[in-house]
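Here is model10.cif, consisting of mmCIF, C-alpha atoms:
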data_work
#
loop_
_atom_site.group_PDB
_atom_site.id
_atom_site.type_symbol
_atom_site.label_atom_id
_atom_site.label_comp_id
_atom_site.auth_asym_id
_atom_site.auth_seq_id
_atom_site.Cartn_x
_atom_site.Cartn_y
_atom_site.Cartn_z
ATOM 1 C CA MET A 678 2.666 -5.293 13.640
ATOM 2 C CA ASN A 679 5.107 -3.066 11.721
ATOM 3 C CA ARG A 680 8.483 -1.861 12.975
ATOM 4 C CA TYR A 681 7.147 1.458 14.305
ATOM 5 C CA GLN A 682 4.385 -0.291 16.232
ATOM 6 C CA GLU A 683 6.928 -2.747 17.656
ATOM 7 C CA ILE A 684 9.392 -0.086 18.821
ATOM 8 C CA PHE A 685 6.728 2.139 20.398
ATOM 9 C CA LYS A 686 5.199 -0.855 22.184
ATOM 10 C CA ARG A 687 8.606 -1.936 23.500
ATOM 11 C CA LEU A 688 9.539 1.576 24.636
ATOM 12 C CA SER A 689 6.184 2.019 26.351
ATOM 13 C CA LEU A 690 6.765 -1.142 28.382
ATOM 14 C CA LEU A 691 10.242 0.125 29.297
ATOM 15 C CA LYS A 692 8.805 3.589 30.151
ATOM 16 C CA GLU A 693 11.152 5.240 27.683
ATOM 17 C CA GLY A 694 10.605 7.829 24.990
ATOM 18 C CA CYS A 695 11.672 7.290 21.406
ATOM 19 C CA PHE A 696 14.837 9.014 20.207
ATOM 20 C CA ILE A 697 15.102 9.456 16.431
ATOM 21 C CA PRO A 698 18.185 11.177 14.994
ATOM 22 C CA PHE A 699 18.151 12.752 11.542
ATOM 23 C CA VAL A 700 21.124 13.062 9.175
ATOM 24 C CA VAL A 701 21.553 13.791 5.475
ATOM 25 C CA LEU A 702 22.873 10.830 3.497
ATOM 26 C CA GLY A 703 26.296 11.527 2.021
ATOM 27 C CA ASP A 704 27.178 14.324 4.467
ATOM 28 C CA PRO A 705 30.104 14.891 4.409
ATOM 29 C CA SER A 706 30.700 11.742 2.293
ATOM 30 C CA LEU A 707 29.009 8.381 1.886
ATOM 31 C CA LYS A 708 31.862 6.629 3.700
ATOM 32 C CA ILE A 709 31.680 8.921 6.743
ATOM 33 C CA SER A 710 27.876 9.012 6.558
ATOM 34 C CA ILE A 711 27.801 5.261 7.180
ATOM 35 C CA LYS A 712 30.093 5.657 10.208
ATOM 36 C CA ILE A 713 27.861 8.427 11.583
ATOM 37 C CA ILE A 714 24.741 6.288 11.169
ATOM 38 C CA GLU A 715 26.450 3.349 12.889
ATOM 39 C CA ALA A 716 27.435 5.640 15.785
ATOM 40 C CA LEU A 717 23.851 6.873 16.113
ATOM 41 C CA ILE A 718 22.313 3.394 16.075
ATOM 42 C CA GLN A 719 24.837 1.850 18.448
ATOM 43 C CA ASN A 720 24.521 4.671 20.985
ATOM 44 C CA GLY A 721 20.797 4.915 21.470
ATOM 45 C CA ALA A 722 18.821 5.644 18.305
ATOM 46 C CA ASP A 723 15.474 3.839 18.511
ATOM 47 C CA ALA A 724 14.763 4.572 14.860
ATOM 48 C CA LEU A 725 16.457 6.511 12.089
ATOM 49 C CA GLU A 726 15.392 9.323 9.818
ATOM 50 C CA VAL A 727 17.593 10.145 6.831
ATOM 51 C CA GLY A 728 17.400 12.862 4.251
ATOM 52 C CA ILE A 729 18.135 12.550 0.550
ATOM 53 C CA PRO A 730 20.189 15.658 -0.360
ATOM 54 C CA PHE A 731 18.271 18.338 -2.243
ATOM 55 C CA SER A 732 19.322 21.722 -3.617
ATOM 56 C CA ASP A 733 16.283 23.608 -2.284
ATOM 57 C CA PRO A 734 15.293 22.168 1.124
ATOM 58 C CA LEU A 735 12.612 24.726 2.009
ATOM 59 C CA ALA A 736 11.783 23.248 5.420
ATOM 60 C CA ASP A 737 15.371 23.373 6.607
ATOM 61 C CA GLY A 738 17.442 26.075 8.251
ATOM 62 C CA PRO A 739 21.087 26.986 7.482
ATOM 63 C CA ILE A 740 22.665 24.027 9.323
ATOM 64 C CA ILE A 741 20.809 21.341 7.349
ATOM 65 C CA GLN A 742 20.970 23.400 4.139
ATOM 66 C CA LYS A 743 24.770 23.278 4.363
ATOM 67 C CA ALA A 744 24.636 19.529 5.018
ATOM 68 C CA ASN A 745 22.612 19.140 1.815
ATOM 69 C CA LEU A 746 25.192 21.146 -0.150
ATOM 70 C CA ARG A 747 28.099 19.137 1.277
ATOM 71 C CA ALA A 748 26.354 15.907 0.293
ATOM 72 C CA LEU A 749 25.409 17.171 -3.174
ATOM 73 C CA SER A 750 29.047 18.122 -3.835
ATOM 74 C CA GLN A 751 29.875 14.403 -3.662
ATOM 75 C CA LYS A 752 27.840 13.730 -6.842
ATOM 76 C CA ASN A 753 26.250 10.557 -5.466
ATOM 77 C CA THR A 754 23.301 8.952 -7.228
ATOM 78 C CA PHE A 755 19.928 7.723 -5.982
ATOM 79 C CA LEU A 756 21.244 4.213 -6.529
ATOM 80 C CA ASP A 757 24.129 4.971 -4.132
ATOM 81 C CA TYR A 758 21.705 6.179 -1.456
ATOM 82 C CA PHE A 759 19.396 3.198 -1.753
ATOM 83 C CA GLN A 760 22.342 0.798 -1.676
ATOM 84 C CA ILE A 761 23.412 2.306 1.661
ATOM 85 C CA LEU A 762 19.884 2.029 3.012
ATOM 86 C CA GLU A 763 19.749 -1.617 1.955
ATOM 87 C CA LYS A 764 22.991 -2.309 3.845
ATOM 88 C CA ILE A 765 21.653 -0.630 6.986
ATOM 89 C CA ARG A 766 18.418 -2.618 6.732
ATOM 90 C CA LYS A 767 20.277 -5.937 6.373
ATOM 91 C CA LYS A 768 22.343 -5.177 9.471
ATOM 92 C CA TYR A 769 19.554 -3.713 11.641
ATOM 93 C CA LYS A 770 16.497 -5.754 10.750
ATOM 94 C CA ARG A 771 14.125 -4.383 13.435
ATOM 95 C CA LEU A 772 15.158 -0.709 13.315
ATOM 96 C CA PRO A 773 12.486 1.584 11.832
ATOM 97 C CA ILE A 774 14.057 3.635 9.027
ATOM 98 C CA GLY A 775 12.315 6.654 7.547
ATOM 99 C CA LEU A 776 13.178 8.883 4.635
ATOM 100 C CA LEU A 777 12.718 12.664 4.540
ATOM 101 C CA ILE A 778 12.585 13.933 0.998
ATOM 102 C CA TYR A 779 11.211 16.719 -1.211
ATOM 103 C CA ALA A 780 8.565 16.146 -3.890
ATOM 104 C CA ASN A 781 10.673 17.103 -6.924
ATOM 105 C CA LEU A 782 13.086 14.260 -6.206
ATOM 106 C CA ILE A 783 10.208 11.783 -6.151
ATOM 107 C CA TYR A 784 8.725 13.151 -9.393
ATOM 108 C CA ASN A 785 12.161 12.859 -10.975
ATOM 109 C CA GLN A 786 12.323 9.166 -10.088
ATOM 110 C CA GLY A 787 8.697 8.519 -10.954
ATOM 111 C CA ILE A 788 6.323 8.117 -8.013
ATOM 112 C CA ASP A 789 5.768 4.387 -8.432
ATOM 113 C CA ASN A 790 9.431 3.659 -9.085
ATOM 114 C CA PHE A 791 10.484 5.719 -6.058
ATOM 115 C CA TYR A 792 8.232 3.851 -3.632
ATOM 116 C CA LEU A 793 9.252 0.539 -5.194
ATOM 117 C CA GLN A 794 12.887 1.420 -4.419
ATOM 118 C CA CYS A 795 11.876 2.319 -0.852
ATOM 119 C CA PHE A 796 10.171 -1.068 -0.512
ATOM 120 C CA ASN A 797 13.138 -2.936 -1.972
ATOM 121 C CA SER A 798 15.499 -1.115 0.401
ATOM 122 C CA GLY A 799 13.428 -2.067 3.449
ATOM 123 C CA LEU A 800 12.314 1.448 4.350
ATOM 124 C CA ASP A 801 9.422 1.949 6.757
ATOM 125 C CA SER A 802 8.259 5.479 6.064
ATOM 126 C CA VAL A 803 8.526 8.539 3.858
ATOM 127 C CA LEU A 804 7.961 12.160 4.912
ATOM 128 C CA ILE A 805 7.657 14.595 1.988
ATOM 129 C CA ALA A 806 8.625 17.908 3.547
ATOM 130 C CA ASP A 807 7.078 20.225 0.960
ATOM 131 C CA VAL A 808 3.777 18.474 0.268
ATOM 132 C CA PRO A 809 0.799 19.574 2.401
ATOM 133 C CA ILE A 810 -1.617 16.877 3.502
ATOM 134 C CA GLU A 811 -4.279 18.224 1.122
ATOM 135 C CA GLU A 812 -2.044 17.431 -1.879
ATOM 136 C CA SER A 813 -0.614 14.146 -0.654
ATOM 137 C CA LYS A 814 -3.131 11.670 -2.089
ATOM 138 C CA VAL A 815 -1.126 10.678 -5.161
ATOM 139 C CA PHE A 816 1.901 9.855 -2.983
ATOM 140 C CA TYR A 817 -0.193 8.325 -0.188
ATOM 141 C CA LYS A 818 -1.914 5.872 -2.510
ATOM 142 C CA THR A 819 1.364 4.623 -3.966
ATOM 143 C CA ALA A 820 3.042 4.474 -0.542
ATOM 144 C CA ASN A 821 0.222 2.226 0.678
ATOM 145 C CA LYS A 822 0.678 0.002 -2.367
ATOM 146 C CA TYR A 823 4.238 -0.703 -1.211
ATOM 147 C CA LYS A 824 3.394 -0.767 2.534
ATOM 148 C CA ILE A 825 5.406 2.392 3.233
ATOM 149 C CA ASN A 826 4.044 4.554 6.084
ATOM 150 C CA SER A 827 3.338 8.184 5.203
ATOM 151 C CA ILE A 828 4.545 10.557 7.919
ATOM 152 C CA PHE A 829 2.870 13.959 8.272
ATOM 153 C CA ILE A 830 3.893 17.138 10.051
ATOM 154 C CA CYS A 831 1.579 18.800 12.574
ATOM 155 C CA PRO A 832 2.247 22.520 13.175
ATOM 156 C CA PRO A 833 1.934 23.962 16.702
ATOM 157 C CA ASP A 834 -1.062 26.057 15.659
ATOM 158 C CA ALA A 835 -3.054 23.237 14.014
ATOM 159 C CA ASP A 836 -6.805 23.755 14.160
ATOM 160 C CA ASP A 837 -9.547 21.131 14.483
ATOM 161 C CA ASP A 838 -9.965 20.827 10.728
ATOM 162 C CA PHE A 839 -6.275 20.016 10.229
ATOM 163 C CA LEU A 840 -6.184 17.598 13.171
ATOM 164 C CA ASN A 841 -9.159 15.788 11.689
ATOM 165 C CA LYS A 842 -7.398 15.494 8.296
ATOM 166 C CA ILE A 843 -4.156 14.231 9.818
ATOM 167 C CA SER A 844 -6.082 11.644 11.829
ATOM 168 C CA LEU A 845 -7.396 10.217 8.542
ATOM 169 C CA TYR A 846 -4.011 9.892 6.843
ATOM 170 C CA ALA A 847 -1.189 9.698 9.407
ATOM 171 C CA GLN A 848 0.686 6.434 9.779
ATOM 172 C CA GLY A 849 3.605 5.345 11.970
ATOM 173 C CA PHE A 850 3.766 8.519 14.060
ATOM 174 C CA ILE A 851 2.952 12.215 13.833
ATOM 175 C CA TYR A 852 5.821 14.702 13.585
ATOM 176 C CA VAL A 853 4.767 17.584 15.858
ATOM 177 C CA LEU A 854 6.655 20.829 15.310
ATOM 178 C CA SER A 855 8.087 22.705 18.285
ATOM 179 C CA ARG A 856 7.483 25.947 16.413
ATOM 180 C CA SER A 857 6.680 27.365 13.011
ATOM 181 C CA GLY A 858 9.488 28.133 10.567
ATOM 182 C CA VAL A 859 12.439 25.999 9.517
ATOM 183 C CA THR A 860 14.686 23.494 11.267
ATOM 184 C CA GLY A 861 17.506 24.770 13.457
ATOM 185 C CA ILE A 862 18.899 25.023 16.953
ATOM 186 C CA LYS A 863 17.327 27.498 19.358
ATOM 187 C CA ASN A 864 18.690 28.364 22.769
ATOM 188 C CA LYS A 865 15.221 28.709 24.201
ATOM 189 C CA THR A 866 13.607 25.545 25.545
ATOM 190 C CA LEU A 867 10.709 24.691 23.276
ATOM 191 C CA SER A 868 7.918 23.001 25.173
ATOM 192 C CA LEU A 869 4.591 22.225 23.574
ATOM 193 C CA PRO A 870 1.578 23.072 25.751
ATOM 194 C CA LYS A 871 0.048 19.979 27.373
ATOM 195 C CA LYS A 872 -3.365 21.274 26.341
ATOM 196 C CA PHE A 873 -2.331 21.148 22.671
ATOM 197 C CA ILE A 874 -0.880 17.647 23.030
ATOM 198 C CA LYS A 875 -4.139 16.436 24.603
ATOM 199 C CA LYS A 876 -6.054 18.021 21.742
ATOM 200 C CA ILE A 877 -4.029 16.107 19.103
ATOM 201 C CA LYS A 878 -4.549 12.880 21.045
ATOM 202 C CA LYS A 879 -8.309 13.399 20.956
ATOM 203 C CA TYR A 880 -8.171 12.868 17.196
ATOM 204 C CA ASN A 881 -5.871 9.835 16.972
ATOM 205 C CA SER A 882 -3.867 7.318 18.970
ATOM 206 C CA LEU A 883 -0.618 7.465 16.987
ATOM 207 C CA PRO A 884 2.623 8.270 18.851
ATOM 208 C CA LEU A 885 3.530 11.974 18.771
ATOM 209 C CA LEU A 886 7.177 12.961 18.259
ATOM 210 C CA GLN A 887 8.460 16.495 18.709
ATOM 211 C CA GLY A 888 10.932 17.899 16.193
ATOM 212 C CA PHE A 889 12.538 21.236 15.208
ATOM 213 C CA GLY A 890 14.996 22.785 17.638
ATOM 214 C CA ILE A 891 15.654 19.744 19.838
ATOM 215 C CA SER A 892 19.246 20.038 21.016
ATOM 216 C CA SER A 893 19.457 19.327 24.753
ATOM 217 C CA SER A 894 18.684 16.687 27.364
ATOM 218 C CA LYS A 895 16.421 19.169 29.141
ATOM 219 C CA GLN A 896 14.253 19.590 26.028
ATOM 220 C CA VAL A 897 14.015 15.821 25.573
ATOM 221 C CA LYS A 898 13.004 15.260 29.188
ATOM 222 C CA GLN A 899 10.383 18.002 29.006
ATOM 223 C CA ALA A 900 8.936 16.555 25.795
ATOM 224 C CA ILE A 901 8.544 13.090 27.303
ATOM 225 C CA LEU A 902 7.086 14.431 30.568
ATOM 226 C CA SER A 903 4.563 16.532 28.640
ATOM 227 C CA GLY A 904 3.020 13.394 27.148
ATOM 228 C CA LEU A 905 4.866 13.057 23.846
ATOM 229 C CA SER A 906 6.221 9.665 22.747
ATOM 230 C CA GLY A 907 9.635 10.937 21.731
ATOM 231 C CA VAL A 908 11.767 13.437 19.849
ATOM 232 C CA ILE A 909 13.469 13.863 16.502
ATOM 233 C CA CYS A 910 16.847 15.598 16.521
ATOM 234 C CA GLY A 911 18.645 16.724 13.348
ATOM 235 C CA SER A 912 20.342 20.122 13.355
ATOM 236 C CA ALA A 913 22.205 19.556 16.645
ATOM 237 C CA ILE A 914 23.780 16.355 15.270
ATOM 238 C CA ILE A 915 24.588 17.961 11.927
ATOM 239 C CA ASN A 916 26.116 20.881 13.814
ATOM 240 C CA ILE A 917 28.606 18.416 15.325
ATOM 241 C CA ILE A 918 29.371 17.060 11.835
ATOM 242 C CA GLU A 919 30.093 20.600 10.605
ATOM 243 C CA LYS A 920 32.152 21.569 13.663
ATOM 244 C CA TYR A 921 34.461 18.557 13.330
ATOM 245 C CA LEU A 922 34.341 18.282 9.549
ATOM 246 C CA HIS A 923 38.093 17.713 9.286
ATOM 247 C CA GLU A 924 38.493 15.676 12.491
ATOM 248 C CA GLU A 925 36.626 12.472 11.712
ATOM 249 C CA GLU A 926 37.495 10.529 14.856
ATOM 250 C CA LYS A 927 36.559 13.439 17.107
ATOM 251 C CA MET A 928 33.344 13.969 15.129
ATOM 252 C CA ILE A 929 32.248 10.359 15.654
ATOM 253 C CA GLU A 930 33.182 10.467 19.329
ATOM 254 C CA LYS A 931 31.176 13.661 19.906
ATOM 255 C CA ILE A 932 28.171 12.197 18.071
ATOM 256 C CA LYS A 933 28.341 9.096 20.272
ATOM 257 C CA GLU A 934 28.432 11.211 23.451
ATOM 258 C CA PHE A 935 25.566 13.447 22.306
ATOM 259 C CA THR A 936 23.378 10.526 21.207
ATOM 260 C CA SER A 937 23.901 8.644 24.470
ATOM 261 C CA ALA A 938 23.037 11.730 26.515
ATOM 262 C CA LEU A 939 19.811 12.457 24.638
ATOM 263 C CA LYS A 940 18.691 8.824 24.675
ATOM 264 C CA LEU A 941 19.306 8.690 28.425
ATOM 265 C CA SER A 942 16.994 11.683 28.828
ATOM 266 C CA THR A 943 14.085 9.741 27.283
ATOM 267 C CA LYS A 944 14.031 7.366 30.273
ATOM 268 C CA LEU A 945 11.470 8.325 32.880
#

Using structure tokens, write down the structure that the file contains.
Amino acid sequence: MNRYQEIFKRLSLLKEGCFIPFVVLGDPSLKISIKIIEALIQNGADALEVGIPFSDPLADGPIIQKANLRALSQKNTFLDYFQILEKIRKKYKRLPIGLLIYANLIYNQGIDNFYLQCFNSGLDSVLIADVPIEESKVFYKTANKYKINSIFICPPDADDDFLNKISLYAQGFIYVLSRSGVTGIKNKTLSLPKKFIKKIKKYNSLPLLQGFGISSSKQVKQAILSGLSGVICGSAIINIIEKYLHEEEKMIEKIKEFTSALKLSTKL
């Protein structure tokens, strides 16, 4: 049983949903990034999703785009990022850790070398944000070689053909989008229709996690009650980082409060 299977089994027994925060490594610096990740893990994160900074993050809205630029301004290397991930893995041995990345960065490292680094750093999964499932085979094959789960995104208007394809390839969990478009905070509560959730479940038994626009306890509660296994929250956390960019202690405190509140909302 891998780490994702273990955490979803444990949470199911506890009748809790899974809360996965997302942050960009190195935002606003590697030193503060580590403190942010510690705050997330110690205040309720059931798993962790981290982004490697990229200059052209097509799937992301303005909040995460700015986080990428802040991180890139630090001139960190891939080696720096993987060293941080190794440290997190050594400290939190059972925590599932996933990477969100764009294809050009993987090509630049070499596909085999990239997944080898993921394996050596103790990563559990990789989501390539700009590679559609139809073009994922070259990455998928290498990920399997190193026992790294491939995470795929399911849009809210997925048809039967797409759901069939994702059922053949998805591992770990399926990232179900609240809406089309890019990441970002929306004031409107974004609930996925129960009928659509049932339809995805007809094709596979993997946990379904809702992402894009998750920023409140009400949204988290609605997601869990609608039959999803959990949520992924990125922009709302990164918004706190940006708001308190020059007040580190306050930033960490606000992230702790926010994380605790959203995790609490996953409990039925």

Could you list, as a PDB file with C-alpha atoms, keeping the file's coordinate frame, every residue matched by the PyMOL selection byres ((chain A and resi 850) around 9) in this structure?
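Printed below is part.pdb as written:
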ATOM      1  CA  TYR A 681       7.147   1.458  14.305  1.00  0.00           C
ATOM      2  CA  ASN A 826       4.044   4.554   6.084  1.00  0.00           C
ATOM      3  CA  SER A 827       3.338   8.184   5.203  1.00  0.00           C
ATOM      4  CA  ILE A 828       4.545  10.557   7.919  1.00  0.00           C
ATOM      5  CA  PHE A 829       2.870  13.959   8.272  1.00  0.00           C
ATOM      6  CA  ALA A 847      -1.189   9.698   9.407  1.00  0.00           C
ATOM      7  CA  GLN A 848       0.686   6.434   9.779  1.00  0.00           C
ATOM      8  CA  GLY A 849       3.605   5.345  11.970  1.00  0.00           C
ATOM      9  CA  ILE A 851       2.952  12.215  13.833  1.00  0.00           C
ATOM     10  CA  TYR A 852       5.821  14.702  13.585  1.00  0.00           C
ATOM     11  CA  LEU A 883      -0.618   7.465  16.987  1.00  0.00           C
ATOM     12  CA  PRO A 884       2.623   8.270  18.851  1.00  0.00           C
ATOM     13  CA  LEU A 885       3.530  11.974  18.771  1.00  0.00           C
ATOM     14  CA  LEU A 886       7.177  12.961  18.259  1.00  0.00           C
TER      15      LEU A 886
END

Compile the contact shell of Gln794 of chain A as a list of chain:residue names: residues with an atom at most 10 Å away, counting only C-alpha atoms, same-chain residues fewer than 4 positions apart removed.
A:Phe755, A:Leu756, A:Phe759, A:Gln760, A:Glu763, A:Gln786, A:Asp789, A:Asn790, A:Ser798, A:Gly799, A:Leu800, A:Tyr823

For those residues, write C-alpha atoms to a file as a PDB file, in the coordinates of the input.
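Final file, part_11.pdb:
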ATOM      1  CA  PHE A 755      19.928   7.723  -5.982  1.00  0.00           C
ATOM      2  CA  LEU A 756      21.244   4.213  -6.529  1.00  0.00           C
ATOM      3  CA  PHE A 759      19.396   3.198  -1.753  1.00  0.00           C
ATOM      4  CA  GLN A 760      22.342   0.798  -1.676  1.00  0.00           C
ATOM      5  CA  GLU A 763      19.749  -1.617   1.955  1.00  0.00           C
ATOM      6  CA  GLN A 786      12.323   9.166 -10.088  1.00  0.00           C
ATOM      7  CA  ASP A 789       5.768   4.387  -8.432  1.00  0.00           C
ATOM      8  CA  ASN A 790       9.431   3.659  -9.085  1.00  0.00           C
ATOM      9  CA  SER A 798      15.499  -1.115   0.401  1.00  0.00           C
ATOM     10  CA  GLY A 799      13.428  -2.067   3.449  1.00  0.00           C
ATOM     11  CA  LEU A 800      12.314   1.448   4.350  1.00  0.00           C
ATOM     12  CA  TYR A 823       4.238  -0.703  -1.211  1.00  0.00           C
TER      13      TYR A 823
END

Using the chain letters and residue numbers of this document, give as a PyMOL selection string the residues selected by the PyMOL selection byres ((chain A and resi 932) around 12).
chain A and resi 698-700+710+712-722+910-911+913-921+925-931+933-939

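Between atom CA of Ala780 of chain A and atom CA of Glu811 of chain A there is a distance of 13.9 Å.
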
Mind checking which residues fall within 7 Å of Lys871 of chain A, counting all atoms listed in the file, ignoring those fewer than 3 positions away in the same chain, and posting them as a VMD selection string?
chain A and resid 874 to 875 903

Can you translate the PyMOL selection byres ((chain A and resi 688) around 12) into the concrete residues it hits in this file, as JSON, numbers by chain?
{"A": [681, 682, 683, 684, 685, 686, 687, 689, 690, 691, 692, 693, 694, 695, 696, 722, 723, 724, 884, 901, 906, 907, 940, 943, 944, 945]}

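Minimum atom-to-atom distance to Lys878 of chain A, evaluated using all atoms listed in the file, belongs to A:Ser844 out of A:Asn679, A:Ser844, A:Ser855, A:Ser802.
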
In Å, how far is it from atom CA of Leu793 of chain A to atom CA of Phe816 of chain A?
12.1 Å

Computed gap from atom CA of Gly890 of chain A to atom CA of Asp836 of chain A is 22.1 Å

Rank nothing, just name the residue among A:Ile711, A:Leu854, A:Ala806, A:Ile877 nearest to Asp737 of chain A, using all atoms listed in the file.
A:Ala806
